[in-house]
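Participant: I am sharing structure_0.cif, which consists of mmCIF, N, CA and C atoms:
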```cif
data_final
loop_
_atom_site.label_atom_id
_atom_site.label_comp_id
_atom_site.auth_asym_id
_atom_site.auth_seq_id
_atom_site.Cartn_x
_atom_site.Cartn_y
_atom_site.Cartn_z
N MET F 10 57.62 136.35 56.59
CA MET F 10 57.65 137.09 57.84
C MET F 10 57.32 136.15 58.99
N TYR F 11 58.17 136.13 59.96
CA TYR F 11 57.99 135.24 61.11
C TYR F 11 57.55 136.05 62.32
N GLY F 12 56.32 136.45 62.31
CA GLY F 12 55.78 137.26 63.39
C GLY F 12 55.16 138.52 62.84
N ASP F 13 53.84 138.54 62.75
CA ASP F 13 53.17 139.71 62.21
C ASP F 13 53.16 140.84 63.24
N GLU F 14 52.69 142.00 62.83
CA GLU F 14 52.72 143.19 63.70
C GLU F 14 51.92 142.96 64.98
N ALA F 15 50.81 142.24 64.89
CA ALA F 15 50.00 141.98 66.08
C ALA F 15 50.78 141.13 67.08
N THR F 16 51.52 140.15 66.59
CA THR F 16 52.32 139.30 67.47
C THR F 16 53.46 140.10 68.10
N VAL F 17 54.12 140.92 67.30
CA VAL F 17 55.19 141.78 67.82
C VAL F 17 54.64 142.65 68.94
N ARG F 18 53.53 143.30 68.69
CA ARG F 18 52.92 144.19 69.69
C ARG F 18 52.53 143.41 70.95
N LYS F 19 51.94 142.23 70.77
CA LYS F 19 51.52 141.43 71.92
C LYS F 19 52.71 141.05 72.79
N ILE F 20 53.79 140.59 72.16
CA ILE F 20 54.98 140.20 72.93
C ILE F 20 55.55 141.40 73.68
N LEU F 21 55.62 142.54 73.02
CA LEU F 21 56.26 143.71 73.62
C LEU F 21 55.39 144.42 74.66
N THR F 22 54.06 144.25 74.58
CA THR F 22 53.21 145.04 75.47
C THR F 22 52.31 144.23 76.40
N GLU F 23 52.07 142.95 76.10
CA GLU F 23 51.07 142.22 76.87
C GLU F 23 51.59 140.99 77.62
N LEU F 24 52.69 140.42 77.20
CA LEU F 24 53.09 139.12 77.75
C LEU F 24 53.96 139.18 78.99
N GLY F 25 54.28 140.36 79.45
CA GLY F 25 55.09 140.49 80.65
C GLY F 25 56.42 141.16 80.40
N ASP F 26 57.04 141.57 81.48
CA ASP F 26 58.23 142.41 81.38
C ASP F 26 59.54 141.75 81.78
N THR F 27 59.53 140.45 82.03
CA THR F 27 60.79 139.77 82.38
C THR F 27 61.30 139.04 81.15
N TRP F 28 62.41 139.53 80.63
CA TRP F 28 63.01 138.99 79.41
C TRP F 28 64.34 138.33 79.73
N ALA F 29 64.45 137.04 79.43
CA ALA F 29 65.73 136.34 79.50
C ALA F 29 66.41 136.56 78.15
N VAL F 30 67.61 137.11 78.17
CA VAL F 30 68.33 137.39 76.92
C VAL F 30 69.49 136.40 76.82
N VAL F 31 69.30 135.40 75.97
CA VAL F 31 70.27 134.33 75.81
C VAL F 31 71.39 134.79 74.88
N GLY F 32 72.61 134.78 75.43
CA GLY F 32 73.77 135.29 74.70
C GLY F 32 74.24 136.63 75.20
N LEU F 33 73.56 137.17 76.23
CA LEU F 33 73.93 138.47 76.78
C LEU F 33 75.09 138.32 77.76
N SER F 34 76.17 139.04 77.45
CA SER F 34 77.34 139.07 78.33
C SER F 34 77.71 140.53 78.57
N SER F 35 78.78 140.76 79.30
CA SER F 35 79.22 142.13 79.58
C SER F 35 80.01 142.74 78.42
N ASN F 36 80.12 142.04 77.30
CA ASN F 36 80.84 142.55 76.13
C ASN F 36 80.01 143.64 75.46
N ARG F 37 80.44 144.87 75.64
CA ARG F 37 79.71 146.03 75.11
C ARG F 37 79.69 146.08 73.58
N GLU F 38 80.56 145.32 72.95
CA GLU F 38 80.64 145.32 71.48
C GLU F 38 79.57 144.43 70.83
N ARG F 39 78.96 143.57 71.61
CA ARG F 39 77.98 142.63 71.09
C ARG F 39 76.60 143.29 71.01
N ALA F 40 75.83 142.93 69.99
CA ALA F 40 74.50 143.51 69.80
C ALA F 40 73.60 143.27 71.00
N ALA F 41 73.72 142.11 71.63
CA ALA F 41 72.85 141.79 72.77
C ALA F 41 72.97 142.84 73.87
N TYR F 42 74.15 143.37 74.08
CA TYR F 42 74.37 144.35 75.13
C TYR F 42 73.52 145.60 74.90
N GLY F 43 73.58 146.13 73.69
CA GLY F 43 72.82 147.33 73.35
C GLY F 43 71.32 147.09 73.32
N VAL F 44 70.91 145.95 72.80
CA VAL F 44 69.47 145.63 72.76
C VAL F 44 68.92 145.51 74.17
N ALA F 45 69.66 144.85 75.06
CA ALA F 45 69.22 144.72 76.44
C ALA F 45 69.08 146.10 77.10
N GLU F 46 69.98 146.99 76.78
CA GLU F 46 69.92 148.35 77.32
C GLU F 46 68.64 149.06 76.87
N VAL F 47 68.29 148.90 75.59
CA VAL F 47 67.06 149.49 75.07
C VAL F 47 65.84 148.88 75.76
N LEU F 48 65.82 147.57 75.90
CA LEU F 48 64.70 146.91 76.57
C LEU F 48 64.53 147.45 78.00
N GLN F 49 65.63 147.62 78.70
CA GLN F 49 65.55 148.18 80.06
C GLN F 49 64.97 149.59 80.04
N ARG F 50 65.40 150.40 79.08
CA ARG F 50 64.88 151.77 78.99
C ARG F 50 63.36 151.77 78.82
N PHE F 51 62.83 150.72 78.19
CA PHE F 51 61.40 150.62 77.96
C PHE F 51 60.71 149.80 79.06
N GLY F 52 61.37 149.63 80.20
CA GLY F 52 60.73 149.03 81.36
C GLY F 52 60.80 147.53 81.49
N LYS F 53 61.61 146.88 80.66
CA LYS F 53 61.73 145.43 80.76
C LYS F 53 62.83 145.06 81.76
N ARG F 54 62.61 143.99 82.50
CA ARG F 54 63.67 143.40 83.32
C ARG F 54 64.43 142.46 82.42
N VAL F 55 65.71 142.67 82.30
CA VAL F 55 66.55 141.88 81.40
C VAL F 55 67.42 140.93 82.24
N VAL F 56 67.27 139.64 81.98
CA VAL F 56 68.02 138.62 82.72
C VAL F 56 69.06 138.01 81.77
N PRO F 57 70.35 138.24 82.03
CA PRO F 57 71.39 137.69 81.16
C PRO F 57 71.48 136.16 81.27
N VAL F 58 71.55 135.50 80.13
CA VAL F 58 71.78 134.05 80.09
C VAL F 58 72.98 133.82 79.19
N HIS F 59 74.06 133.34 79.80
CA HIS F 59 75.33 133.16 79.10
C HIS F 59 76.16 132.19 79.93
N PRO F 60 76.98 131.36 79.30
CA PRO F 60 77.78 130.41 80.09
C PRO F 60 78.60 131.06 81.20
N LYS F 61 79.01 132.32 81.02
CA LYS F 61 79.80 133.01 82.05
C LYS F 61 78.95 133.47 83.23
N ALA F 62 77.62 133.51 83.07
CA ALA F 62 76.69 133.93 84.12
C ALA F 62 77.08 135.27 84.74
N GLU F 63 77.47 136.21 83.90
CA GLU F 63 77.90 137.53 84.36
C GLU F 63 76.70 138.41 84.73
N THR F 64 76.92 139.32 85.66
CA THR F 64 75.95 140.37 85.93
C THR F 64 76.09 141.42 84.84
N VAL F 65 74.97 141.76 84.21
CA VAL F 65 74.97 142.74 83.11
C VAL F 65 73.82 143.72 83.34
N HIS F 66 74.08 144.99 83.15
CA HIS F 66 73.07 146.03 83.36
C HIS F 66 72.40 145.90 84.73
N GLY F 67 73.20 145.50 85.72
CA GLY F 67 72.70 145.41 87.08
C GLY F 67 71.89 144.16 87.40
N GLU F 68 71.77 143.25 86.46
CA GLU F 68 70.99 142.02 86.68
C GLU F 68 71.91 140.81 86.75
N GLN F 69 71.67 139.97 87.75
CA GLN F 69 72.41 138.71 87.91
C GLN F 69 72.25 137.86 86.66
N GLY F 70 73.35 137.30 86.18
CA GLY F 70 73.31 136.40 85.03
C GLY F 70 73.20 134.95 85.46
N TYR F 71 72.76 134.12 84.52
CA TYR F 71 72.62 132.68 84.75
C TYR F 71 73.23 131.94 83.57
N ALA F 72 73.74 130.75 83.83
CA ALA F 72 74.41 129.97 82.79
C ALA F 72 73.42 129.37 81.79
N SER F 73 72.19 129.14 82.22
CA SER F 73 71.17 128.58 81.32
C SER F 73 69.79 129.03 81.76
N LEU F 74 68.82 128.87 80.89
CA LEU F 74 67.44 129.22 81.24
C LEU F 74 66.97 128.43 82.45
N SER F 75 67.35 127.16 82.50
CA SER F 75 66.88 126.32 83.60
C SER F 75 67.47 126.74 84.95
N ASP F 76 68.55 127.50 84.95
CA ASP F 76 69.15 127.99 86.20
C ASP F 76 68.41 129.19 86.79
N ILE F 77 67.58 129.85 86.00
CA ILE F 77 66.87 131.03 86.49
C ILE F 77 65.81 130.59 87.49
N PRO F 78 65.87 131.09 88.73
CA PRO F 78 64.97 130.59 89.77
C PRO F 78 63.61 131.27 89.83
N PHE F 79 63.22 131.94 88.76
CA PHE F 79 61.92 132.61 88.71
C PHE F 79 61.40 132.51 87.27
N ASP F 80 60.14 132.88 87.10
CA ASP F 80 59.52 132.80 85.77
C ASP F 80 60.06 133.89 84.85
N VAL F 81 60.14 133.57 83.58
CA VAL F 81 60.45 134.57 82.56
C VAL F 81 59.29 134.62 81.58
N ASP F 82 59.03 135.80 81.06
CA ASP F 82 57.91 135.98 80.15
C ASP F 82 58.31 135.77 78.69
N VAL F 83 59.47 136.29 78.33
CA VAL F 83 59.95 136.24 76.95
C VAL F 83 61.40 135.79 76.96
N VAL F 84 61.77 134.94 76.02
CA VAL F 84 63.16 134.53 75.84
C VAL F 84 63.64 135.12 74.53
N ASP F 85 64.61 136.03 74.62
CA ASP F 85 65.19 136.72 73.47
C ASP F 85 66.50 136.01 73.14
N VAL F 86 66.64 135.55 71.89
CA VAL F 86 67.72 134.62 71.55
C VAL F 86 68.76 135.28 70.63
N PHE F 87 69.98 135.41 71.16
CA PHE F 87 71.13 135.95 70.44
C PHE F 87 72.18 134.87 70.25
N VAL F 88 71.80 133.74 69.69
CA VAL F 88 72.78 132.70 69.38
C VAL F 88 72.63 132.36 67.90
N ASN F 89 73.62 131.65 67.37
CA ASN F 89 73.55 131.26 65.96
C ASN F 89 72.32 130.41 65.68
N SER F 90 71.83 130.50 64.47
CA SER F 90 70.62 129.77 64.08
C SER F 90 70.70 128.29 64.40
N ASP F 91 71.87 127.68 64.23
CA ASP F 91 71.99 126.24 64.48
C ASP F 91 71.91 125.88 65.97
N LEU F 92 72.03 126.88 66.85
CA LEU F 92 71.91 126.65 68.29
C LEU F 92 70.57 127.15 68.85
N ALA F 93 69.81 127.86 68.04
CA ALA F 93 68.60 128.54 68.52
C ALA F 93 67.45 127.59 68.83
N GLY F 94 67.30 126.53 68.05
CA GLY F 94 66.19 125.60 68.26
C GLY F 94 66.14 125.02 69.66
N PRO F 95 67.26 124.49 70.16
CA PRO F 95 67.25 123.99 71.53
C PRO F 95 66.91 125.05 72.57
N VAL F 96 67.29 126.30 72.32
CA VAL F 96 66.95 127.38 73.25
C VAL F 96 65.43 127.60 73.24
N ALA F 97 64.83 127.57 72.06
CA ALA F 97 63.37 127.71 71.98
C ALA F 97 62.68 126.57 72.73
N ASP F 98 63.21 125.36 72.60
CA ASP F 98 62.65 124.22 73.33
C ASP F 98 62.77 124.42 74.84
N GLU F 99 63.91 124.95 75.29
CA GLU F 99 64.10 125.25 76.71
C GLU F 99 63.12 126.30 77.19
N ALA F 100 62.87 127.29 76.33
CA ALA F 100 61.92 128.36 76.69
C ALA F 100 60.54 127.79 76.92
N ALA F 101 60.13 126.86 76.06
CA ALA F 101 58.82 126.22 76.23
C ALA F 101 58.79 125.41 77.53
N ALA F 102 59.87 124.68 77.80
CA ALA F 102 59.95 123.88 79.02
C ALA F 102 59.94 124.77 80.26
N LYS F 103 60.53 125.95 80.16
CA LYS F 103 60.61 126.90 81.27
C LYS F 103 59.26 127.55 81.55
N GLY F 104 58.36 127.51 80.56
CA GLY F 104 57.04 128.11 80.73
C GLY F 104 56.95 129.55 80.26
N ALA F 105 57.90 129.98 79.41
CA ALA F 105 57.85 131.34 78.87
C ALA F 105 56.61 131.49 77.99
N GLY F 106 56.18 132.72 77.83
CA GLY F 106 55.02 133.00 76.99
C GLY F 106 55.39 133.25 75.54
N ALA F 107 56.67 133.58 75.30
CA ALA F 107 57.09 133.91 73.95
C ALA F 107 58.58 133.69 73.77
N VAL F 108 58.96 133.52 72.51
CA VAL F 108 60.36 133.42 72.11
C VAL F 108 60.58 134.44 71.01
N TRP F 109 61.71 135.12 71.08
CA TRP F 109 62.06 136.13 70.07
C TRP F 109 63.44 135.79 69.55
N PHE F 110 63.53 135.41 68.26
CA PHE F 110 64.83 135.18 67.61
C PHE F 110 65.25 136.49 66.96
N GLN F 111 66.46 136.91 67.26
CA GLN F 111 66.99 138.17 66.77
C GLN F 111 67.21 138.17 65.25
N LEU F 112 67.53 139.35 64.73
CA LEU F 112 67.84 139.49 63.31
C LEU F 112 68.89 138.46 62.89
N GLY F 113 68.61 137.75 61.83
CA GLY F 113 69.55 136.76 61.31
C GLY F 113 69.44 135.39 61.96
N VAL F 114 68.64 135.27 63.01
CA VAL F 114 68.47 133.98 63.67
C VAL F 114 67.18 133.35 63.15
N ILE F 115 67.35 132.29 62.36
CA ILE F 115 66.21 131.66 61.69
C ILE F 115 66.30 130.16 61.83
N ASP F 116 65.22 129.57 62.32
CA ASP F 116 65.09 128.12 62.40
C ASP F 116 63.60 127.82 62.26
N GLU F 117 63.20 127.51 61.04
CA GLU F 117 61.77 127.32 60.76
C GLU F 117 61.17 126.17 61.54
N ALA F 118 61.93 125.09 61.74
CA ALA F 118 61.41 123.96 62.51
C ALA F 118 61.18 124.37 63.97
N ALA F 119 62.09 125.15 64.52
CA ALA F 119 61.92 125.64 65.89
C ALA F 119 60.71 126.56 65.99
N TYR F 120 60.52 127.38 64.97
CA TYR F 120 59.36 128.28 64.93
C TYR F 120 58.07 127.47 64.99
N GLU F 121 57.99 126.43 64.17
CA GLU F 121 56.78 125.59 64.15
C GLU F 121 56.58 124.87 65.48
N ARG F 122 57.64 124.32 66.04
CA ARG F 122 57.54 123.63 67.34
C ARG F 122 57.08 124.58 68.44
N THR F 123 57.66 125.77 68.45
CA THR F 123 57.36 126.75 69.49
C THR F 123 55.90 127.20 69.40
N ARG F 124 55.45 127.49 68.20
CA ARG F 124 54.05 127.89 67.99
C ARG F 124 53.11 126.74 68.36
N ALA F 125 53.48 125.51 68.00
CA ALA F 125 52.65 124.34 68.32
C ALA F 125 52.57 124.11 69.83
N ALA F 126 53.61 124.55 70.56
CA ALA F 126 53.62 124.42 72.02
C ALA F 126 52.80 125.51 72.69
N GLY F 127 52.26 126.43 71.89
CA GLY F 127 51.39 127.47 72.43
C GLY F 127 52.07 128.79 72.76
N LEU F 128 53.33 128.93 72.40
CA LEU F 128 54.05 130.18 72.67
C LEU F 128 53.93 131.11 71.47
N GLU F 129 53.96 132.39 71.74
CA GLU F 129 54.08 133.38 70.67
C GLU F 129 55.53 133.37 70.22
N MET F 130 55.76 133.70 68.96
CA MET F 130 57.14 133.71 68.48
C MET F 130 57.32 134.71 67.36
N VAL F 131 58.46 135.38 67.41
CA VAL F 131 58.92 136.27 66.36
C VAL F 131 60.33 135.82 66.01
N MET F 132 60.65 135.86 64.73
CA MET F 132 61.97 135.41 64.28
C MET F 132 62.52 136.40 63.26
N ASP F 133 63.83 136.61 63.32
CA ASP F 133 64.54 137.48 62.37
C ASP F 133 64.09 138.94 62.48
N ARG F 134 63.85 139.38 63.73
CA ARG F 134 63.51 140.78 64.00
C ARG F 134 64.19 141.18 65.30
N CYS F 135 64.22 142.49 65.56
CA CYS F 135 64.89 142.99 66.76
C CYS F 135 63.93 143.81 67.61
N PRO F 136 63.75 143.44 68.88
CA PRO F 136 62.83 144.20 69.72
C PRO F 136 63.28 145.64 69.96
N ALA F 137 64.58 145.90 69.91
CA ALA F 137 65.07 147.27 70.10
C ALA F 137 64.69 148.16 68.93
N ILE F 138 64.44 147.58 67.77
CA ILE F 138 63.95 148.33 66.61
C ILE F 138 62.43 148.47 66.71
N GLU F 139 61.77 147.40 67.14
CA GLU F 139 60.31 147.37 67.15
C GLU F 139 59.68 148.16 68.28
N ILE F 140 60.25 148.10 69.48
CA ILE F 140 59.58 148.70 70.65
C ILE F 140 59.42 150.23 70.53
N PRO F 141 60.39 150.97 69.99
CA PRO F 141 60.15 152.43 69.86
C PRO F 141 59.03 152.75 68.87
N ARG F 142 58.77 151.87 67.93
CA ARG F 142 57.72 152.09 66.93
C ARG F 142 56.32 152.02 67.50
N LEU F 143 56.20 151.41 68.69
CA LEU F 143 54.88 151.23 69.27
C LEU F 143 54.27 152.53 69.77
N GLY F 144 55.13 153.53 69.99
CA GLY F 144 54.64 154.83 70.44
C GLY F 144 54.28 154.87 71.82
#
```
Here is a file; write its structure as structure tokens.
Facilitator:
Amino acid sequence: MYGDEATVRKILTELGDTWAVVGLSSNRERAAYGVAEVLQRFGKRVVPVHPKAETVHGEQGYASLSDIPFDVDVVDVFVNSDLAGPVADEAAAKGAGAVWFQLGVIDEAAYERTRAAGLEMVMDRCPAIEIPRLG
């Protein structure tokens, strides 16, 4: 398990409400689109990060984390596992408080690096599944 219940709860309730969602585009068929919608329903500001830099769910998109001109609290990662590690490294460089790798996104080396850098991290879980469970 890459992120115990206490870590999940801390990320979802204590670390802030600005979430950069890497891989979020206007494609309604992609999981990121629906997850971002759920996060918004629960009061999170969702910032799309995608090469197309599209506006999604009313929020301006950016091509990369480094292009976002304000702080982000959590970086939610919807990219393939082989691309996720560099995103986690960018999140640490950006000053995020946590990184969340979605279901199926696993990079144990990135997990260790991210935790060693002082960030909270959850891997292979979905915040849209976890946040309603908090009550």
Participant: At a cut-off of 7 Å, using only N, CA and C atoms, what residues contact F:Asp85? Leave out same-chain residues fewer than 3 positions from it and give the result as a list in words.
Facilitator: Trp28, Ala29, Val30, Val31, Gly32, Val88, Ala107, Val108, Trp109, Phe110 and Gln111 of chain F
Participant: Specify as a PyMOL selection string each residue included when the PyMOL selection byres ((chain F and resi 60) around 8) is applied to this file.
Facilitator: chain F and resi 31-34+57-59+61-63+70-73
Participant: The PyMOL selection byres ((chain F and resi 82) around 7) - which residues does that actually catch in the file I just gave you? List them as a list in words.
Facilitator: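 Taken over the shown coordinates, the PyMOL selection byres ((chain F and resi 82) around 7) returns Leu24, Gly25, Asp26, Thr27, Trp28, Ala29, Asp80, Val81, Val83, Val84, Gly104, Ala105, Gly106, Ala107 and Val108 of chain F.
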Participant: Determine which residues of chain F receive a DSSP assignment of helix (DSSP H, G or I), computed from the backbone, and state them as number ranges by chain.
Facilitator: F: 14-22, 40-50, 74-76, 90-103, 117-125, 136-142
Participant: Would you pick out the contacts of F:Gly94 at 8 Å or less, using only N, CA and C atoms, so that residues sharing its chain but fewer than 2 positions from it are not included, and give the list as a PDB file with N, CA and C atoms, in the frame of the given file?
Facilitator:
```pdb
ATOM      1  N   VAL F  88      71.800 133.740  69.690  1.00  0.00           N
ATOM      2  CA  VAL F  88      72.780 132.700  69.380  1.00  0.00           C
ATOM      3  C   VAL F  88      72.630 132.360  67.900  1.00  0.00           C
ATOM      4  N   ASN F  89      73.620 131.650  67.370  1.00  0.00           N
ATOM      5  CA  ASN F  89      73.550 131.260  65.960  1.00  0.00           C
ATOM      6  C   ASN F  89      72.320 130.410  65.680  1.00  0.00           C
ATOM      7  N   SER F  90      71.830 130.500  64.470  1.00  0.00           N
ATOM      8  CA  SER F  90      70.620 129.770  64.080  1.00  0.00           C
ATOM      9  C   SER F  90      70.700 128.290  64.400  1.00  0.00           C
ATOM     10  N   ASP F  91      71.870 127.680  64.230  1.00  0.00           N
ATOM     11  CA  ASP F  91      71.990 126.240  64.480  1.00  0.00           C
ATOM     12  C   ASP F  91      71.910 125.880  65.970  1.00  0.00           C
ATOM     13  N   LEU F  92      72.030 126.880  66.850  1.00  0.00           N
ATOM     14  CA  LEU F  92      71.910 126.650  68.290  1.00  0.00           C
ATOM     15  C   LEU F  92      70.570 127.150  68.850  1.00  0.00           C
ATOM     16  N   VAL F  96      67.290 126.300  72.320  1.00  0.00           N
ATOM     17  CA  VAL F  96      66.950 127.380  73.250  1.00  0.00           C
ATOM     18  C   VAL F  96      65.430 127.600  73.240  1.00  0.00           C
ATOM     19  N   ALA F  97      64.830 127.570  72.060  1.00  0.00           N
ATOM     20  CA  ALA F  97      63.370 127.710  71.980  1.00  0.00           C
ATOM     21  C   ALA F  97      62.680 126.570  72.730  1.00  0.00           C
ATOM     22  N   ASP F  98      63.210 125.360  72.600  1.00  0.00           N
ATOM     23  CA  ASP F  98      62.650 124.220  73.330  1.00  0.00           C
ATOM     24  C   ASP F  98      62.770 124.420  74.840  1.00  0.00           C
ATOM     25  N   GLU F  99      63.910 124.950  75.290  1.00  0.00           N
ATOM     26  CA  GLU F  99      64.100 125.250  76.710  1.00  0.00           C
ATOM     27  C   GLU F  99      63.120 126.300  77.190  1.00  0.00           C
ATOM     28  N   ALA F 100      62.870 127.290  76.330  1.00  0.00           N
ATOM     29  CA  ALA F 100      61.920 128.360  76.690  1.00  0.00           C
ATOM     30  C   ALA F 100      60.540 127.790  76.920  1.00  0.00           C
ATOM     31  N   ILE F 115      67.350 132.290  62.360  1.00  0.00           N
ATOM     32  CA  ILE F 115      66.210 131.660  61.690  1.00  0.00           C
ATOM     33  C   ILE F 115      66.300 130.160  61.830  1.00  0.00           C
ATOM     34  N   ASP F 116      65.220 129.570  62.320  1.00  0.00           N
ATOM     35  CA  ASP F 116      65.090 128.120  62.400  1.00  0.00           C
ATOM     36  C   ASP F 116      63.600 127.820  62.260  1.00  0.00           C
ATOM     37  N   ALA F 118      61.930 125.090  61.740  1.00  0.00           N
ATOM     38  CA  ALA F 118      61.410 123.960  62.510  1.00  0.00           C
ATOM     39  C   ALA F 118      61.180 124.370  63.970  1.00  0.00           C
ATOM     40  N   ALA F 119      62.090 125.150  64.520  1.00  0.00           N
ATOM     41  CA  ALA F 119      61.920 125.640  65.890  1.00  0.00           C
ATOM     42  C   ALA F 119      60.710 126.560  65.990  1.00  0.00           C
ATOM     43  N   TYR F 120      60.520 127.380  64.970  1.00  0.00           N
ATOM     44  CA  TYR F 120      59.360 128.280  64.930  1.00  0.00           C
ATOM     45  C   TYR F 120      58.070 127.470  64.990  1.00  0.00           C
TER      46      TYR F 120
END
```
Participant: Compare F:Ile20, F:Glu14, F:Gln69, F:Arg39 by their minimum atom-to-atom distance to F:Met130, counting only C-alpha atoms, and give me the closest one.
Facilitator: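 Using only C-alpha atoms, F:Met130 sits closest to F:Ile20.
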Participant: When DSSP is applied to the backbone of this structure, which of chain F are assigned strand (DSSP E)? Write them out as number ranges by chain.
Facilitator: F: 27-31, 54-58, 83-86, 107-110, 129-131
Participant: Using Å and a single decimal, report how far atom CA of F:Ile140 sits from atom CA of F:Leu21.
Facilitator: 6.7 Å
Participant: Could you state the separation of atom N of F:Thr123 and atom C of F:Val44 in Å, given to one decimal place?
Facilitator: 23.4 Å
Participant: Would you fill out stretch 63-75 of chain F with N, CA, C and O atoms and return it as a PDB file, in the frame of the given file?
Facilitator:
```
ATOM      1  N   GLU F  63      77.470 136.210  83.900  1.00  0.00           N
ATOM      2  CA  GLU F  63      77.900 137.530  84.360  1.00  0.00           C
ATOM      3  C   GLU F  63      76.700 138.410  84.730  1.00  0.00           C
ATOM      4  O   GLU F  63      75.630 138.279  84.163  1.00  0.00           O
ATOM      5  N   THR F  64      76.920 139.320  85.660  1.00  0.00           N
ATOM      6  CA  THR F  64      75.950 140.370  85.930  1.00  0.00           C
ATOM      7  C   THR F  64      76.090 141.420  84.840  1.00  0.00           C
ATOM      8  O   THR F  64      77.192 141.871  84.544  1.00  0.00           O
ATOM      9  N   VAL F  65      74.970 141.760  84.210  1.00  0.00           N
ATOM     10  CA  VAL F  65      74.970 142.740  83.110  1.00  0.00           C
ATOM     11  C   VAL F  65      73.820 143.720  83.340  1.00  0.00           C
ATOM     12  O   VAL F  65      72.708 143.297  83.684  1.00  0.00           O
ATOM     13  N   HIS F  66      74.080 144.990  83.150  1.00  0.00           N
ATOM     14  CA  HIS F  66      73.070 146.030  83.360  1.00  0.00           C
ATOM     15  C   HIS F  66      72.400 145.900  84.730  1.00  0.00           C
ATOM     16  O   HIS F  66      71.205 146.120  84.886  1.00  0.00           O
ATOM     17  N   GLY F  67      73.200 145.500  85.720  1.00  0.00           N
ATOM     18  CA  GLY F  67      72.700 145.410  87.080  1.00  0.00           C
ATOM     19  C   GLY F  67      71.890 144.160  87.400  1.00  0.00           C
ATOM     20  O   GLY F  67      71.387 144.026  88.513  1.00  0.00           O
ATOM     21  N   GLU F  68      71.770 143.250  86.460  1.00  0.00           N
ATOM     22  CA  GLU F  68      70.990 142.020  86.680  1.00  0.00           C
ATOM     23  C   GLU F  68      71.910 140.810  86.750  1.00  0.00           C
ATOM     24  O   GLU F  68      72.785 140.625  85.915  1.00  0.00           O
ATOM     25  N   GLN F  69      71.670 139.970  87.750  1.00  0.00           N
ATOM     26  CA  GLN F  69      72.410 138.710  87.910  1.00  0.00           C
ATOM     27  C   GLN F  69      72.250 137.860  86.660  1.00  0.00           C
ATOM     28  O   GLN F  69      71.152 137.706  86.137  1.00  0.00           O
ATOM     29  N   GLY F  70      73.350 137.300  86.180  1.00  0.00           N
ATOM     30  CA  GLY F  70      73.310 136.400  85.030  1.00  0.00           C
ATOM     31  C   GLY F  70      73.200 134.950  85.460  1.00  0.00           C
ATOM     32  O   GLY F  70      73.525 134.592  86.595  1.00  0.00           O
ATOM     33  N   TYR F  71      72.760 134.120  84.520  1.00  0.00           N
ATOM     34  CA  TYR F  71      72.620 132.680  84.750  1.00  0.00           C
ATOM     35  C   TYR F  71      73.230 131.940  83.570  1.00  0.00           C
ATOM     36  O   TYR F  71      73.194 132.421  82.433  1.00  0.00           O
ATOM     37  N   ALA F  72      73.740 130.750  83.830  1.00  0.00           N
ATOM     38  CA  ALA F  72      74.410 129.970  82.790  1.00  0.00           C
ATOM     39  C   ALA F  72      73.420 129.370  81.790  1.00  0.00           C
ATOM     40  O   ALA F  72      73.782 129.100  80.657  1.00  0.00           O
ATOM     41  N   SER F  73      72.190 129.140  82.220  1.00  0.00           N
ATOM     42  CA  SER F  73      71.170 128.580  81.320  1.00  0.00           C
ATOM     43  C   SER F  73      69.790 129.030  81.760  1.00  0.00           C
ATOM     44  O   SER F  73      69.618 129.518  82.891  1.00  0.00           O
ATOM     45  N   LEU F  74      68.820 128.870  80.890  1.00  0.00           N
ATOM     46  CA  LEU F  74      67.440 129.220  81.240  1.00  0.00           C
ATOM     47  C   LEU F  74      66.970 128.430  82.450  1.00  0.00           C
ATOM     48  O   LEU F  74      66.290 128.958  83.327  1.00  0.00           O
ATOM     49  N   SER F  75      67.350 127.160  82.500  1.00  0.00           N
ATOM     50  CA  SER F  75      66.880 126.320  83.600  1.00  0.00           C
ATOM     51  C   SER F  75      67.470 126.740  84.950  1.00  0.00           C
ATOM     52  O   SER F  75      66.914 126.398  85.998  1.00  0.00           O
TER      53      SER F  75
END
```
